Amino acid sequence: MASSRNRQRALARAKLERQMARRAAAARKRRQVLAIVGIVAAVLVVGGGTTALVVSLNGKDSGKAKASSTASAKATEAAGSCYTKATAQSGQKLKDVGMPSNSDVPKSGTQTMTIKTNQGEVDVKLDTAKAPCNVNSFAYLASKKFFDNTTCHRLTTKASGLEVLQCGDPSGTGSGGPTYTVKDENLPTGKKPTYPAGTVAVANTGQPGSGSSQFFIVYGNSDLPASYSVIGTVSKGLDKVQAIAKKGVTGANASKGDGAPKEKVKISSIRVSAPSTSSPTPSTSASNKS
């Protein structure tokens, strides 16, 4: 009888161990599925289209969005087009003012971009010859008064490793722009520093050909990846930007030197002159907002 009872106990114990093993395996599988879902959700949330600068500040896309963006950029360049229609992704705040023509883009000379702000005037010498698509885009947007009464939403200081002031988003959130993107041009590959003080370049989402209206003024030498189209250099008013930077930043990442400028910077207008040569110029007569 004792032997029989021992055998029954052993069988019951073995059955219980098998049940526990099955439950543990099922629990592991559930955790793996939840982890994968969580990762995908996080990628989709982060991929909301924020136009930023570098690594820790970058907007990121899911693998599908990245492949789509890259393929689109390559197709655009292959076709020789400057501009590609963009559709707002989750979290983006695009403002539709049409799109510049892909033909008759000035490709020589220089232009002057005058940025009037509540902190003073900043003039930028635009290099039309080296960045024709991007310079023409800024001339087009300026003619539509796209930048009027907007704020510079981001300032980074030495504490962050970068020294830039970022502007050009009508929504003031870092997620805004027009309903098109511009191909990359004049990337400072092999240069050190890649973006010296006085450089003005186009911000993007971290993907090729994703720049549009947001731009950053470099007020102190900054070694960023050579992924941002350089459109020109500050010819007047860099001291104004440096004075703004000295006041510091506000926001959750202020201790890291990244946030909104403490000294609010409001752009009353941006105007772009005609090219310095006889090249075709973008229309500057339109002033309507869409």
# chains A, B, ... in the order shown; residues from 1 in each chain; ligands from 1

$ select_by_dssp --residues "stretch 89-214 of chain A" --states "alpha helix (DSSP H)" --output "number ranges by chain"
A: 132-143

$ write_last_selection --atoms "N, CA and C atoms" --output "PDB file, in the first residue's frame"
ATOM      1  N   PRO A 132      20.694  75.292 -54.763  1.00  0.00           N
ATOM      2  CA  PRO A 132      19.614  75.963 -55.499  1.00  0.00           C
ATOM      3  C   PRO A 132      18.210  75.556 -55.078  1.00  0.00           C
ATOM      4  N   CYS A 133      17.986  74.256 -54.840  1.00  0.00           N
ATOM      5  CA  CYS A 133      16.642  73.798 -54.488  1.00  0.00           C
ATOM      6  C   CYS A 133      16.196  74.351 -53.142  1.00  0.00           C
ATOM      7  N   ASN A 134      17.094  74.294 -52.161  1.00  0.00           N
ATOM      8  CA  ASN A 134      16.750  74.759 -50.825  1.00  0.00           C
ATOM      9  C   ASN A 134      16.624  76.278 -50.758  1.00  0.00           C
ATOM     10  N   VAL A 135      17.521  76.981 -51.428  1.00  0.00           N
ATOM     11  CA  VAL A 135      17.444  78.445 -51.434  1.00  0.00           C
ATOM     12  C   VAL A 135      16.156  78.893 -52.113  1.00  0.00           C
ATOM     13  N   ASN A 136      15.817  78.262 -53.218  1.00  0.00           N
ATOM     14  CA  ASN A 136      14.582  78.617 -53.921  1.00  0.00           C
ATOM     15  C   ASN A 136      13.362  78.323 -53.059  1.00  0.00           C
ATOM     16  N   SER A 137      13.438  77.246 -52.274  1.00  0.00           N
ATOM     17  CA  SER A 137      12.340  76.910 -51.368  1.00  0.00           C
ATOM     18  C   SER A 137      12.140  78.003 -50.321  1.00  0.00           C
ATOM     19  N   PHE A 138      13.248  78.506 -49.751  1.00  0.00           N
ATOM     20  CA  PHE A 138      13.120  79.566 -48.745  1.00  0.00           C
ATOM     21  C   PHE A 138      12.585  80.852 -49.376  1.00  0.00           C
ATOM     22  N   ALA A 139      12.997  81.147 -50.610  1.00  0.00           N
ATOM     23  CA  ALA A 139      12.478  82.322 -51.303  1.00  0.00           C
ATOM     24  C   ALA A 139      10.972  82.175 -51.538  1.00  0.00           C
ATOM     25  N   TYR A 140      10.560  80.964 -51.916  1.00  0.00           N
ATOM     26  CA  TYR A 140       9.146  80.701 -52.163  1.00  0.00           C
ATOM     27  C   TYR A 140       8.332  80.862 -50.877  1.00  0.00           C
ATOM     28  N   LEU A 141       8.793  80.218 -49.798  1.00  0.00           N
ATOM     29  CA  LEU A 141       8.067  80.290 -48.532  1.00  0.00           C
ATOM     30  C   LEU A 141       8.014  81.716 -47.996  1.00  0.00           C
ATOM     31  N   ALA A 142       9.112  82.449 -48.162  1.00  0.00           N
ATOM     32  CA  ALA A 142       9.130  83.846 -47.716  1.00  0.00           C
ATOM     33  C   ALA A 142       8.102  84.666 -48.488  1.00  0.00           C
ATOM     34  N   SER A 143       7.978  84.372 -49.786  1.00  0.00           N
ATOM     35  CA  SER A 143       7.010  85.110 -50.603  1.00  0.00           C
ATOM     36  C   SER A 143       5.569  84.816 -50.176  1.00  0.00           C
TER      37      SER A 143
END

$ select_by_dssp --residues "stretch 158-221 of chain A" --states "strand (DSSP E or B)" --output "list in words"
Val164, Leu165, Gln166, Cys167, Gly176, Gly177, Pro178, Tyr180, Thr181, Val182, Tyr195, Thr199, Val200, Ala201, Val202, Asn204, Gly211, Phe215, Phe216, Ile217 and Val218 of chain A

$ write_last_selection --atoms "all heavy atoms" --output "compact mmCIF listing (two decimals), in the first residue's frame"
# COMPACT_ATOMS: atom_id res chain seq x y z
N VAL A 164 23.32 75.96 -31.51
CA VAL A 164 22.45 76.34 -32.63
C VAL A 164 21.13 76.91 -32.14
O VAL A 164 20.65 76.58 -31.05
CB VAL A 164 22.16 75.13 -33.55
CG1 VAL A 164 23.44 74.49 -34.05
CG2 VAL A 164 21.29 74.09 -32.86
N LEU A 165 20.54 77.77 -32.96
CA LEU A 165 19.20 78.30 -32.75
C LEU A 165 18.35 77.80 -33.91
O LEU A 165 18.70 78.01 -35.08
CB LEU A 165 19.21 79.83 -32.73
CG LEU A 165 17.84 80.52 -32.62
CD1 LEU A 165 17.20 80.24 -31.25
CD2 LEU A 165 17.96 82.02 -32.85
N GLN A 166 17.24 77.12 -33.59
CA GLN A 166 16.41 76.51 -34.63
C GLN A 166 15.09 77.25 -34.77
O GLN A 166 14.40 77.53 -33.78
CB GLN A 166 16.17 75.04 -34.31
CG GLN A 166 15.50 74.27 -35.46
CD GLN A 166 15.48 72.77 -35.20
OE1 GLN A 166 16.23 72.27 -34.36
NE2 GLN A 166 14.64 72.06 -35.92
N CYS A 167 14.72 77.54 -36.03
CA CYS A 167 13.51 78.32 -36.33
C CYS A 167 12.82 77.70 -37.55
O CYS A 167 13.24 76.68 -38.07
CB CYS A 167 13.87 79.78 -36.63
SG CYS A 167 15.09 80.54 -35.54
N GLY A 176 6.39 71.08 -37.32
CA GLY A 176 5.67 71.73 -38.41
C GLY A 176 6.52 72.03 -39.62
O GLY A 176 7.76 71.96 -39.57
N GLY A 177 5.84 72.38 -40.70
CA GLY A 177 6.52 72.72 -41.94
C GLY A 177 5.52 72.81 -43.07
O GLY A 177 4.31 72.74 -42.84
N PRO A 178 5.99 72.95 -44.30
CA PRO A 178 5.08 72.98 -45.45
C PRO A 178 4.71 71.56 -45.88
O PRO A 178 5.19 70.59 -45.28
CB PRO A 178 5.93 73.68 -46.53
CG PRO A 178 7.33 73.24 -46.20
CD PRO A 178 7.39 73.19 -44.69
N TYR A 180 5.62 69.83 -48.35
CA TYR A 180 6.58 69.25 -49.29
C TYR A 180 7.94 69.16 -48.61
O TYR A 180 8.19 69.81 -47.59
CB TYR A 180 6.67 70.07 -50.59
CG TYR A 180 7.25 71.46 -50.41
CD1 TYR A 180 8.63 71.68 -50.50
CD2 TYR A 180 6.42 72.57 -50.18
CE1 TYR A 180 9.17 72.97 -50.35
CE2 TYR A 180 6.95 73.85 -50.03
CZ TYR A 180 8.32 74.03 -50.11
OH TYR A 180 8.86 75.29 -49.95
N THR A 181 8.80 68.35 -49.17
CA THR A 181 10.18 68.25 -48.69
C THR A 181 11.13 68.60 -49.81
O THR A 181 10.75 68.62 -50.99
CB THR A 181 10.49 66.84 -48.17
OG1 THR A 181 10.24 65.88 -49.21
CG2 THR A 181 9.64 66.50 -46.95
N VAL A 182 12.38 68.86 -49.45
CA VAL A 182 13.39 69.32 -50.41
C VAL A 182 14.57 68.34 -50.39
O VAL A 182 14.96 67.86 -49.32
CB VAL A 182 13.89 70.73 -50.06
CG1 VAL A 182 14.76 71.29 -51.17
CG2 VAL A 182 12.70 71.66 -49.79
N TYR A 195 29.95 72.14 -39.14
CA TYR A 195 29.09 73.33 -39.17
C TYR A 195 29.73 74.42 -38.30
O TYR A 195 29.44 74.53 -37.11
CB TYR A 195 27.68 72.99 -38.69
CG TYR A 195 26.99 72.00 -39.61
CD1 TYR A 195 27.16 70.63 -39.44
CD2 TYR A 195 26.19 72.44 -40.66
CE1 TYR A 195 26.56 69.72 -40.30
CE2 TYR A 195 25.59 71.55 -41.53
CZ TYR A 195 25.77 70.19 -41.35
OH TYR A 195 25.18 69.29 -42.22
N THR A 199 27.20 79.36 -39.86
CA THR A 199 26.53 78.51 -40.86
C THR A 199 25.02 78.52 -40.65
O THR A 199 24.54 78.51 -39.52
CB THR A 199 27.04 77.06 -40.76
OG1 THR A 199 28.45 77.04 -40.96
CG2 THR A 199 26.37 76.16 -41.80
N VAL A 200 24.28 78.51 -41.75
CA VAL A 200 22.83 78.35 -41.70
C VAL A 200 22.50 77.11 -42.51
O VAL A 200 22.90 76.99 -43.66
CB VAL A 200 22.08 79.58 -42.26
CG1 VAL A 200 20.56 79.36 -42.19
CG2 VAL A 200 22.46 80.83 -41.48
N ALA A 201 21.80 76.16 -41.89
CA ALA A 201 21.51 74.89 -42.55
C ALA A 201 20.06 74.49 -42.31
O ALA A 201 19.36 75.06 -41.47
CB ALA A 201 22.46 73.81 -42.04
N VAL A 202 19.63 73.49 -43.07
CA VAL A 202 18.23 73.03 -43.02
C VAL A 202 18.12 71.82 -42.09
O VAL A 202 18.82 70.82 -42.28
CB VAL A 202 17.74 72.65 -44.44
CG1 VAL A 202 16.27 72.23 -44.40
CG2 VAL A 202 17.92 73.82 -45.40
N ASN A 204 16.25 68.49 -40.42
CA ASN A 204 15.46 67.42 -41.02
C ASN A 204 15.09 66.37 -39.97
O ASN A 204 15.42 66.52 -38.80
CB ASN A 204 16.20 66.78 -42.22
CG ASN A 204 17.54 66.18 -41.83
OD1 ASN A 204 17.66 65.49 -40.81
ND2 ASN A 204 18.56 66.44 -42.63
N GLY A 211 14.21 67.52 -45.33
CA GLY A 211 14.24 68.91 -44.91
C GLY A 211 13.14 69.72 -45.60
O GLY A 211 12.63 69.32 -46.64
N PHE A 215 15.09 75.62 -40.11
CA PHE A 215 16.51 75.88 -40.33
C PHE A 215 17.18 76.18 -39.00
O PHE A 215 16.51 76.49 -38.01
CB PHE A 215 16.71 77.05 -41.30
CG PHE A 215 16.18 78.37 -40.80
CD1 PHE A 215 17.00 79.30 -40.15
CD2 PHE A 215 14.84 78.71 -40.97
CE1 PHE A 215 16.51 80.52 -39.68
CE2 PHE A 215 14.33 79.93 -40.51
CZ PHE A 215 15.17 80.83 -39.87
N PHE A 216 18.50 76.04 -38.95
CA PHE A 216 19.20 76.38 -37.73
C PHE A 216 20.41 77.27 -38.03
O PHE A 216 21.09 77.11 -39.04
CB PHE A 216 19.61 75.14 -36.93
CG PHE A 216 20.47 74.13 -37.64
CD1 PHE A 216 21.85 74.15 -37.52
CD2 PHE A 216 19.90 73.12 -38.40
CE1 PHE A 216 22.65 73.20 -38.14
CE2 PHE A 216 20.68 72.16 -39.04
CZ PHE A 216 22.07 72.21 -38.91
N ILE A 217 20.60 78.23 -37.13
CA ILE A 217 21.72 79.16 -37.22
C ILE A 217 22.77 78.68 -36.22
O ILE A 217 22.50 78.56 -35.03
CB ILE A 217 21.28 80.59 -36.87
CG1 ILE A 217 20.20 81.06 -37.86
CG2 ILE A 217 22.48 81.54 -36.89
CD1 ILE A 217 19.54 82.38 -37.44
N VAL A 218 23.97 78.39 -36.71
CA VAL A 218 25.05 77.91 -35.85
C VAL A 218 25.79 79.13 -35.31
O VAL A 218 26.38 79.89 -36.06
CB VAL A 218 26.02 77.00 -36.64
CG1 VAL A 218 27.08 76.43 -35.71
CG2 VAL A 218 25.26 75.88 -37.33

$ closest_residue --among "A:Lys192, A:Lys240, A:Lys183, A:His153" --to "A:Gly259" --atoms "only C-alpha atoms"
A:His153

$ closest_residue --among "A:Val272, A:Ala243, A:Leu224, A:Val97" --to "A:Ser160" --atoms "only C-alpha atoms"
A:Leu224

$ residues_around --residues "A:Lys266" --least-positions-apart "3" --cutoff "8 Å" --atoms "only C-alpha atoms" --output "short mmCIF file (atom, residue, chain, number, x, y, z; two decimals) with C-alpha atoms, in the first residue's frame"
data_model
loop_
_atom_site.label_atom_id
_atom_site.label_comp_id
_atom_site.auth_asym_id
_atom_site.auth_seq_id
_atom_site.Cartn_x
_atom_site.Cartn_y
_atom_site.Cartn_z
CA THR A 117 13.07 89.46 -35.17
CA ASN A 118 12.16 91.11 -31.89
CA GLN A 119 15.83 90.67 -30.92
CA ASN A 149 4.99 85.95 -36.84
CA THR A 150 6.62 82.62 -35.97
CA THR A 151 8.97 81.79 -33.11
CA CYS A 152 12.36 80.12 -32.91
#

$ atom_distance --atom1 "atom CA of A:Pro106" --atom2 "atom CA of A:Ser269"
22.5 Å

$ atom_distance --atom1 "atom CA of A:Leu238" --atom2 "atom CA of A:Gly190"
24.7 Å

$ residues_around --residues "A:Asp148" --least-positions-apart "5" --cutoff "8 Å" --atoms "only C-alpha atoms" --output "PyMOL selection string"
chain A and resi 267-270

$ write_last_selection --atoms "all heavy atoms" --output "PDB file, in the first residue's frame"
ATOM      1  N   ILE A 267       9.992  85.903 -34.983  1.00  0.00           N
ATOM      2  CA  ILE A 267      10.305  86.383 -36.333  1.00  0.00           C
ATOM      3  C   ILE A 267       9.098  87.144 -36.869  1.00  0.00           C
ATOM      4  O   ILE A 267       7.999  86.587 -37.002  1.00  0.00           O
ATOM      5  CB  ILE A 267      10.640  85.209 -37.272  1.00  0.00           C
ATOM      6  CG1 ILE A 267      11.924  84.507 -36.799  1.00  0.00           C
ATOM      7  CG2 ILE A 267      10.790  85.685 -38.711  1.00  0.00           C
ATOM      8  CD1 ILE A 267      12.251  83.251 -37.573  1.00  0.00           C
ATOM      9  N   SER A 268       9.287  88.415 -37.149  1.00  0.00           N
ATOM     10  CA  SER A 268       8.178  89.197 -37.717  1.00  0.00           C
ATOM     11  C   SER A 268       8.074  88.962 -39.217  1.00  0.00           C
ATOM     12  O   SER A 268       6.974  88.950 -39.778  1.00  0.00           O
ATOM     13  CB  SER A 268       8.358  90.689 -37.423  1.00  0.00           C
ATOM     14  OG  SER A 268       9.596  91.163 -37.936  1.00  0.00           O
ATOM     15  N   SER A 269       9.230  88.755 -39.862  1.00  0.00           N
ATOM     16  CA  SER A 269       9.207  88.462 -41.300  1.00  0.00           C
ATOM     17  C   SER A 269      10.554  87.918 -41.760  1.00  0.00           C
ATOM     18  O   SER A 269      11.582  88.156 -41.127  1.00  0.00           O
ATOM     19  CB  SER A 269       8.874  89.713 -42.123  1.00  0.00           C
ATOM     20  OG  SER A 269       9.944  90.651 -42.059  1.00  0.00           O
ATOM     21  N   ILE A 270      10.501  87.192 -42.857  1.00  0.00           N
ATOM     22  CA  ILE A 270      11.712  86.775 -43.577  1.00  0.00           C
ATOM     23  C   ILE A 270      11.502  87.151 -45.033  1.00  0.00           C
ATOM     24  O   ILE A 270      10.458  86.839 -45.619  1.00  0.00           O
ATOM     25  CB  ILE A 270      11.976  85.256 -43.456  1.00  0.00           C
ATOM     26  CG1 ILE A 270      12.421  84.897 -42.035  1.00  0.00           C
ATOM     27  CG2 ILE A 270      13.048  84.816 -44.452  1.00  0.00           C
ATOM     28  CD1 ILE A 270      12.757  83.424 -41.830  1.00  0.00           C
TER      29      ILE A 270
END

$ closest_residue --among "A:Asp258, A:Leu187, A:Thr173, A:Val241" --to "A:Ala226" --atoms "only C-alpha atoms"
A:Leu187

$ residues_around --residues "stretch 110-114 of chain A" --least-positions-apart "2" --cutoff "6 Å" --atoms "only C-alpha atoms" --output "ChimeraX atom specification"
/A:123-128,270-273,275-276

$ write_last_selection --atoms "N, CA and C atoms" --output "PDB file, in the first residue's frame"
ATOM      1  N   ASP A 123      21.014  88.898 -41.158  1.00  0.00           N
ATOM      2  CA  ASP A 123      21.096  88.728 -42.605  1.00  0.00           C
ATOM      3  C   ASP A 123      21.909  87.480 -42.934  1.00  0.00           C
ATOM      4  N   VAL A 124      21.434  86.742 -43.917  1.00  0.00           N
ATOM      5  CA  VAL A 124      22.111  85.509 -44.328  1.00  0.00           C
ATOM      6  C   VAL A 124      22.432  85.584 -45.819  1.00  0.00           C
ATOM      7  N   LYS A 125      23.688  85.335 -46.154  1.00  0.00           N
ATOM      8  CA  LYS A 125      24.087  85.259 -47.557  1.00  0.00           C
ATOM      9  C   LYS A 125      23.823  83.838 -48.030  1.00  0.00           C
ATOM     10  N   LEU A 126      22.812  83.682 -48.871  1.00  0.00           N
ATOM     11  CA  LEU A 126      22.410  82.371 -49.364  1.00  0.00           C
ATOM     12  C   LEU A 126      23.235  81.981 -50.583  1.00  0.00           C
ATOM     13  N   ASP A 127      23.716  80.740 -50.589  1.00  0.00           N
ATOM     14  CA  ASP A 127      24.529  80.250 -51.703  1.00  0.00           C
ATOM     15  C   ASP A 127      23.638  79.539 -52.716  1.00  0.00           C
ATOM     16  N   THR A 128      23.093  80.310 -53.626  1.00  0.00           N
ATOM     17  CA  THR A 128      22.158  79.778 -54.620  1.00  0.00           C
ATOM     18  C   THR A 128      22.820  78.750 -55.526  1.00  0.00           C
ATOM     19  N   ILE A 270      10.501  87.192 -42.857  1.00  0.00           N
ATOM     20  CA  ILE A 270      11.712  86.775 -43.577  1.00  0.00           C
ATOM     21  C   ILE A 270      11.502  87.151 -45.033  1.00  0.00           C
ATOM     22  N   ARG A 271      12.467  87.826 -45.601  1.00  0.00           N
ATOM     23  CA  ARG A 271      12.405  88.203 -47.008  1.00  0.00           C
ATOM     24  C   ARG A 271      13.689  87.763 -47.699  1.00  0.00           C
ATOM     25  N   VAL A 272      13.558  87.311 -48.938  1.00  0.00           N
ATOM     26  CA  VAL A 272      14.711  86.834 -49.709  1.00  0.00           C
ATOM     27  C   VAL A 272      14.825  87.654 -50.984  1.00  0.00           C
ATOM     28  N   SER A 273      16.013  88.172 -51.233  1.00  0.00           N
ATOM     29  CA  SER A 273      16.236  88.994 -52.429  1.00  0.00           C
ATOM     30  C   SER A 273      16.312  88.120 -53.675  1.00  0.00           C
ATOM     31  N   PRO A 275      18.196  86.609 -57.008  1.00  0.00           N
ATOM     32  CA  PRO A 275      19.584  86.188 -57.189  1.00  0.00           C
ATOM     33  C   PRO A 275      20.452  87.322 -57.717  1.00  0.00           C
ATOM     34  N   SER A 276      21.734  87.274 -57.424  1.00  0.00           N
ATOM     35  CA  SER A 276      22.660  88.326 -57.827  1.00  0.00           C
ATOM     36  C   SER A 276      23.015  88.252 -59.301  1.00  0.00           C
TER      37      SER A 276
END

$ residues_around --residues "A:Ala245" --least-positions-apart "3" --cutoff "8 Å" --atoms "only C-alpha atoms" --output "ChimeraX atom specification"
/A:155-157,165,241-242,248-249,261

$ closest_residue --among "A:Ile231, A:Met99, A:Ala252, A:Val105" --to "A:Ala86" --atoms "only C-alpha atoms"
A:Met99

$ closest_residue --among "A:Ser81, A:Asn102, A:Thr250, A:Thr189" --to "A:Tyr228" --atoms "only C-alpha atoms"
A:Thr189
